[in-house]
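Visitor: This is the structure I want to talk about, given as structure tokens.
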Amino acid sequence: MKGLNRGLILIMMFLFVQPTLGATIKVSPAINALSKALKAANKNDTLLIQPGIYKEHDILIDKKLTVIGVQWPIIDGENKSQLIFITADSVTVQGLQVQNTGRSSMTDMAGIRVQNANFANVQGNKVLNTTYGIYLQNAAYCLIKGNLIHANAVDELNSGNGVHAWKCHDLFIDNNDIAGHRDGIYFEFVTQSHIRGNKSKRNVRYGLHFMFSHNDTYSKNEFSDNGSGVAVMYSKGVVMTDNIFRHNWGDAAYAILLKEIANSHIEHNLFVKNTVALYMESSTNIKVEKNRFIDNGWAIRVTASCDKSTFQLNNFIGNSFDVTTNGTVMLNVFRQNYWDKYDGYDLDKNGIGDVPYYPVSLYSVITERIPTAMILYRSFLTNIMDQVEKVMPSVTPDQLKDTEPRMKKWNL
Amino acid sequence: MKTIVKYVLLDLFRNRIILVYSLILAVLSISLLGLDNNPTKGLLSLLNVSLLFVPIITILFATIYFFNSVEFTELLLSQPIKRNTVLLSQYIGVSFSLATAYGLGVGLPLLFLVSGTASLILVITGILLTLVFCSLALLIFVSFKDKTKGIGIAIAAALFFSLLFDGLLLAFIYSFSDYPIDQAVIAILALNPIDLGRVLMLLQLDTSALMGYSGALFKKFLGSAAGSIFSIICMFFWVFVPLLLSVRIFKKKDL
């Protein structure tokens with residue numbers, strides 16, 4: 001109920017409060033035209049920024065204004081400084097092209113920064129070649145929608161994040177296109193927020209990275225070709241549905257890395273061609289349901305420190321290794337998944353295999369311990385070892401099994 | 001040389017074993033590829049078949065053939081023909097027919113059912129393995145006079161390369177896992193043509209698993225075209241080194 005109320009407030013703010021009561025002012029390119037106009041404007045005014053190049057920086061918006069760009073006026077920081085700075089509530093910034101912030105190790109230079117302000121509406125902007133694209137600091141009830149946030153970060157040290165949020169709540173990050181930053185979307189201490197329909201790709205580190213951010217929902221996003229996929233740490237109540245994780249490839253790349261996550265849902269996602277699709281460490285009570293794991297190196301790596309998690313109704317197709325773990329204890333449940341490597345039988349024809357499936361192969365245990373042994377993968381010797389292990393399990397954890405493996409794959 | 005190759009080919013064609021070999025391979029390929037609608041799985045099974053059976057059948061068949069045609073060889077050598085020419089044309093005849101049998105038996109079904117780079121690599125791997133094990137058979141033939149001993153050695157060689165070698169390598173990896181042995185392992189891998197063929201094929205199919213590997217050298221080596229080129233070059237070495245060795249031995253051999 002609380003969440004619904006908050007959502008309603010959010011919608012009301014955007015629908016009813018926003019229509020301007022003040023004057024409409026046109027701003028044309030001139031020296032410091034933007035800063036002057038912003039200073040002169042009254043609360044509730046609308047500024048129409050005319051096309052052209054505005055070489056200004058530290059543009060402060062400290063009262064409730066609506067700033068709309070006409071045909072993408074360019075605000076250029078000339079690689080020196082930061083650009084738009086929002087410190088008032090209910091500011092709208094729309095249709096601007098914000099580009100070339102400086103780089104500094106003292107301040108986080110951002111294209112658009114919202115600081116200690118609520119109800120900001122940042123929509124349909126192009127944020128190009130910035131250290132930090134959109135930076136939210138101690139903000140709430142903000143809408144970040146349909147922005148194009150592209151940069152060309154080369155390494156982790158000299159780059160920032162596409163959408164960076166710190167100590168916020170009730171954010172709505174919708175349909176943005178983010179590429180080439182350090183982390184595509186970065187959350188720290190952000191709660192009750194929605195991230196939907198974003199595309200985050202080719203980022204140096206993570207497509208999405210969040211820590212200490214509870215009760216957030218991530219849906220219908222696409223994360224592809226990121227340095228190390230998506231990292232999710234120290235949070236609870238995370239819901240991830242209908243996302244696509246594609247081609248996060250490399251020696252330490254994970255489609256999702258979960259570390260100390262609790263009470264969360266991972267549902268209806270698609271994992272294609274990732275080195276490790278789902279890596280879990282010290283996580284509790286995670287429901288992994290109805291996902292498709294296709295052509296990954298490792299579909300699931302779950303360490304022995306995870307417990308009370310359920311993996312069910314998933315499809316595992318064409319993965320090199322289905323599940324690996326690092327110990328013999330397994331406190332999680334696997335049930336009713338479809339495994340393409342299952343070679344059991346179904347005598348009573350109820351669609352469920354009569355013998356359990358052990359998804360951990362001996363060889364994956366060996367490579368977990370000694371990665372160099374990977375070089376012998378799929379050799380005749382290791383095939384024999386795997387078969388022997390299947391008949392008489394001795395090394396692989398015998399508790400890790402799917403007692404009701406599906407004979408046919410789920411329609412997901 | 002051409003004439004001798006022609007007669008060897010005619011002789012092989014007449015005893016029909018090659019034809020049967022080709023047919024069996026074709027039936028195997030079609031059934032393995034048809035079993036599952038996932039082509040990768042079919043390719044993998046076919047890879048296993050190729051890595052296991054091609055070496056053993058090739059080396060056995062070639063060794064027996066060379067030993068059996070020893071009289072023909074002696075007859076040819078009584079003519080004014082160079083020893084090199086006789087030996088090489090026999091090698092070419094046997095390896096060509098076995099390679100063609102493999103190429104047709106596996107290649108044709110693959111072409112129609114799953115054409116692609118991976119299939120092409122599989123066929124190349126199989127053909128290279130055929131050539132390698134023919135060379136080894138030739139080396140065995142020129143090194144031993146006794147047929148039984150030769151065949152025994154051939155079986156031992158096939159088993160060594162397909163099974164024992166990997167066991168030893170695994171033992172090596174296990175005992176030295178605390179040390180940086182990546183480079184050494186790649187070097188050792190080059191000593192086994194079957195492993196080379198497997199790596200060549202794995203690069204096509206399981207790159208994600210291999211890429212997930214924490215050794216930087218492996219990633220660089222296995223993840224790039226360099227890995228494939230290295231494997232192929234090493235396999236060519238495996239074809240030509242035994243071949244040249246046998247030519248040298250055969251030149252001085254007292255028949």
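Ordering of the structure tokens sets the chain letters (A, B, ...); residue numbers start at 1 within each chain; ligands are numbered from 1 in the order shown.
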Could you give me the residues within segment 11-189 of chain A that DSSP places in alpha helix (DSSP H), as number ranges by chain?
Guide: A: 11-12, 33-40
Visitor: Suppose we keep C-alpha atoms; can you now write the selection as a PDB file, in the first residue's frame?
Guide:
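So the final result, stored in out_30.pdb, reads:
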ATOM      1  CA  ILE A  11       2.428  10.363 -10.955  1.00  0.00           C
ATOM      2  CA  MET A  12       0.434  13.250  -9.503  1.00  0.00           C
ATOM      3  CA  ALA A  33      22.910  33.253 -22.030  1.00  0.00           C
ATOM      4  CA  LEU A  34      21.751  30.196 -20.101  1.00  0.00           C
ATOM      5  CA  SER A  35      23.060  31.214 -16.719  1.00  0.00           C
ATOM      6  CA  LYS A  36      21.651  34.727 -17.108  1.00  0.00           C
ATOM      7  CA  ALA A  37      18.257  33.460 -18.193  1.00  0.00           C
ATOM      8  CA  LEU A  38      18.113  30.982 -15.317  1.00  0.00           C
ATOM      9  CA  LYS A  39      18.999  33.703 -12.861  1.00  0.00           C
ATOM     10  CA  ALA A  40      16.394  36.089 -14.250  1.00  0.00           C
TER      11      ALA A  40
END
Visitor: May I have the residues within 8 Å of Thr125 of chain B as an MDAnalysis selection string, using only C-alpha atoms and disregarding those fewer than 4 positions away in the same chain?
Guide: chainID B and resid 121 129 197 200:201
Visitor: Which residues are near Ala231 of chain A? Cut-off 10 Å, only C-alpha atoms, ignore same chain within fewer than 5 positions. Put them as a ChimeraX atom specification.
Guide: /A:183,186,205-211,253-259,279
Visitor: Could you turn the residues from that selection into a file that holds C-alpha atoms, as a PDB file, in the first residue's frame?
Guide:
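The resulting selection.pdb:
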ATOM      1  CA  ASP A 183      29.140   1.187 -14.741  1.00  0.00           C
ATOM      2  CA  TYR A 186      25.180   2.542 -10.382  1.00  0.00           C
ATOM      3  CA  ARG A 205      32.969  -2.687 -15.650  1.00  0.00           C
ATOM      4  CA  TYR A 206      29.339  -3.498 -14.904  1.00  0.00           C
ATOM      5  CA  GLY A 207      26.167  -2.925 -16.881  1.00  0.00           C
ATOM      6  CA  LEU A 208      24.354  -2.489 -13.604  1.00  0.00           C
ATOM      7  CA  HIS A 209      25.954  -2.255 -10.225  1.00  0.00           C
ATOM      8  CA  PHE A 210      24.209  -1.807  -6.967  1.00  0.00           C
ATOM      9  CA  MET A 211      25.011  -2.063  -3.319  1.00  0.00           C
ATOM     10  CA  ALA A 253      32.487 -11.888 -16.466  1.00  0.00           C
ATOM     11  CA  TYR A 254      29.152 -12.747 -14.927  1.00  0.00           C
ATOM     12  CA  ALA A 255      25.719 -12.059 -16.322  1.00  0.00           C
ATOM     13  CA  ILE A 256      24.644 -11.569 -12.702  1.00  0.00           C
ATOM     14  CA  LEU A 257      26.869 -11.691  -9.703  1.00  0.00           C
ATOM     15  CA  LEU A 258      24.940 -11.899  -6.453  1.00  0.00           C
ATOM     16  CA  LYS A 259      26.807 -11.258  -3.258  1.00  0.00           C
ATOM     17  CA  TYR A 279      27.046 -16.444  -9.774  1.00  0.00           C
TER      18      TYR A 279
END
Visitor: Would you give me, as a PyMOL selection string, the residues of chain A that come within 10 Å of chain B, using only C-alpha atoms?
Guide: chain A and resi 247-254+273-276+295-298+317-321+340-341+366-384
Visitor: Have a look at B:Leu128, B:Ile188, B:Val239, B:Leu138 and name the one nearest to Phe67 of chain B; count only C-alpha atoms.
Guide: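 Ranked by minimum distance to Phe67 of chain B, first place goes to B:Leu138.
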Visitor: If we count only C-alpha atoms and set the cut-off at 9 Å, which residues sit around Met240 of chain A, ignoring sequence neighbours fewer than 2 positions away in its own chain? Please answer as a list in words.
Guide: Asp216, Thr217, Tyr218, Ser219, Lys220, Val238, Asp242, Asn243, Ser264, His265, Ile266, Glu267, His268 and Asn269 of chain A
Visitor: Return the single residue from B:Val8, B:Val94, B:Val86, B:Val106 that is closest to Ile24 of chain B, with distances computed using only C-alpha atoms.
Guide: B:Val106
Visitor: As an exercise, work out the distance from atom CA of Ile185 of chain A to atom CA of Gly95 of chain A in Å and give it to one decimal place.
Guide: 20.7 Å
Visitor: Which value, in Å to one decimal, gives the distance between atom CA of Val114 of chain B and atom CA of Asn37 of chain B?
Guide: 10.5 Å
Visitor: With distances taken over only C-alpha atoms, which residue among A:Val122, A:Ile294, A:Val204, A:Ala153 lies nearest Leu171 of chain A?
Guide: A:Val122
Visitor: Any idea what's packed within 12 Å of Asn314 of chain A, counting only C-alpha atoms, ignoring anything in its chain fewer than 3 positions away? Could you give it as a ChimeraX atom specification?
Guide: /A:266-271,287-294,299-300,310-311,317,322,334-340,402,405-406,408-412
Visitor: Counting only C-alpha atoms, what is within 9 Å of Ala101 of chain B, bar same-chain residues fewer than 3 positions away, as a list in words?
Guide: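 Near neighbours after the sequence-gap exclusion: Ile18, Leu19, Val20, Tyr21, Ser22, Leu23, Leu25, Phe96, Ser97, Leu98, Leu104, Gly105 and Val106 of chain B.
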Visitor: Can you write just those residues out, N, CA and C atoms, as a short mmCIF file (atom, residue, chain, number, x, y, z; two decimals), in the first residue's frame?
Guide:
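So the final result, stored in result09.cif, reads:
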data_model
loop_
_atom_site.label_atom_id
_atom_site.label_comp_id
_atom_site.auth_asym_id
_atom_site.auth_seq_id
_atom_site.Cartn_x
_atom_site.Cartn_y
_atom_site.Cartn_z
N ILE B 18 37.57 -49.59 -47.23
CA ILE B 18 37.47 -48.13 -47.18
C ILE B 18 36.04 -47.69 -47.41
N LEU B 19 35.39 -48.38 -48.34
CA LEU B 19 34.00 -48.04 -48.66
C LEU B 19 33.11 -48.25 -47.43
N VAL B 20 33.34 -49.41 -46.77
CA VAL B 20 32.56 -49.74 -45.57
C VAL B 20 32.81 -48.69 -44.48
N TYR B 21 34.09 -48.33 -44.32
CA TYR B 21 34.48 -47.33 -43.33
C TYR B 21 33.72 -46.02 -43.58
N SER B 22 33.71 -45.62 -44.85
CA SER B 22 33.03 -44.38 -45.21
C SER B 22 31.54 -44.47 -44.92
N LEU B 23 30.96 -45.62 -45.25
CA LEU B 23 29.52 -45.81 -45.03
C LEU B 23 29.18 -45.76 -43.54
N LEU B 25 30.82 -44.31 -41.18
CA LEU B 25 30.93 -42.92 -40.73
C LEU B 25 29.69 -42.12 -41.12
N PHE B 96 45.31 -40.78 -48.70
CA PHE B 96 44.30 -40.12 -49.55
C PHE B 96 42.97 -40.85 -49.48
N SER B 97 43.03 -42.18 -49.57
CA SER B 97 41.75 -42.90 -49.57
C SER B 97 41.06 -42.81 -48.21
N LEU B 98 41.84 -42.91 -47.12
CA LEU B 98 41.23 -42.82 -45.78
C LEU B 98 40.66 -41.41 -45.54
N LEU B 104 34.08 -37.76 -47.08
CA LEU B 104 32.74 -38.05 -47.63
C LEU B 104 31.79 -38.51 -46.54
N GLY B 105 32.28 -39.44 -45.70
CA GLY B 105 31.41 -40.05 -44.69
C GLY B 105 30.89 -39.03 -43.69
N VAL B 106 31.74 -38.13 -43.25
CA VAL B 106 31.32 -37.15 -42.24
C VAL B 106 30.98 -35.81 -42.90
#
Visitor: If you measure from atom CA of Thr241 of chain A to atom CA of Asn285 of chain A, what distance in Å do you get, rounded to one decimal?
Guide: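 We find that atom CA of Thr241 of chain A and atom CA of Asn285 of chain A lie 16.3 Å from each other.
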Visitor: Write out as a PDB file with C-alpha atoms, in the first residue's frame the residues lying within 7 Å of Thr130 of chain A, counting only C-alpha atoms and excluding same-chain residues fewer than 5 positions away.
Guide:
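Done, and the output landed in out21.pdb:
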ATOM      1  CA  GLN A  99      28.350  17.005 -23.814  1.00  0.00           C
ATOM      2  CA  ASN A 100      32.047  16.953 -22.925  1.00  0.00           C
ATOM      3  CA  THR A 101      32.342  17.334 -19.170  1.00  0.00           C
ATOM      4  CA  ALA A 110      28.455  15.091 -14.273  1.00  0.00           C
ATOM      5  CA  GLY A 111      26.435  16.062 -17.313  1.00  0.00           C
ATOM      6  CA  ALA A 151      30.696   7.846 -23.633  1.00  0.00           C
TER       7      ALA A 151
END
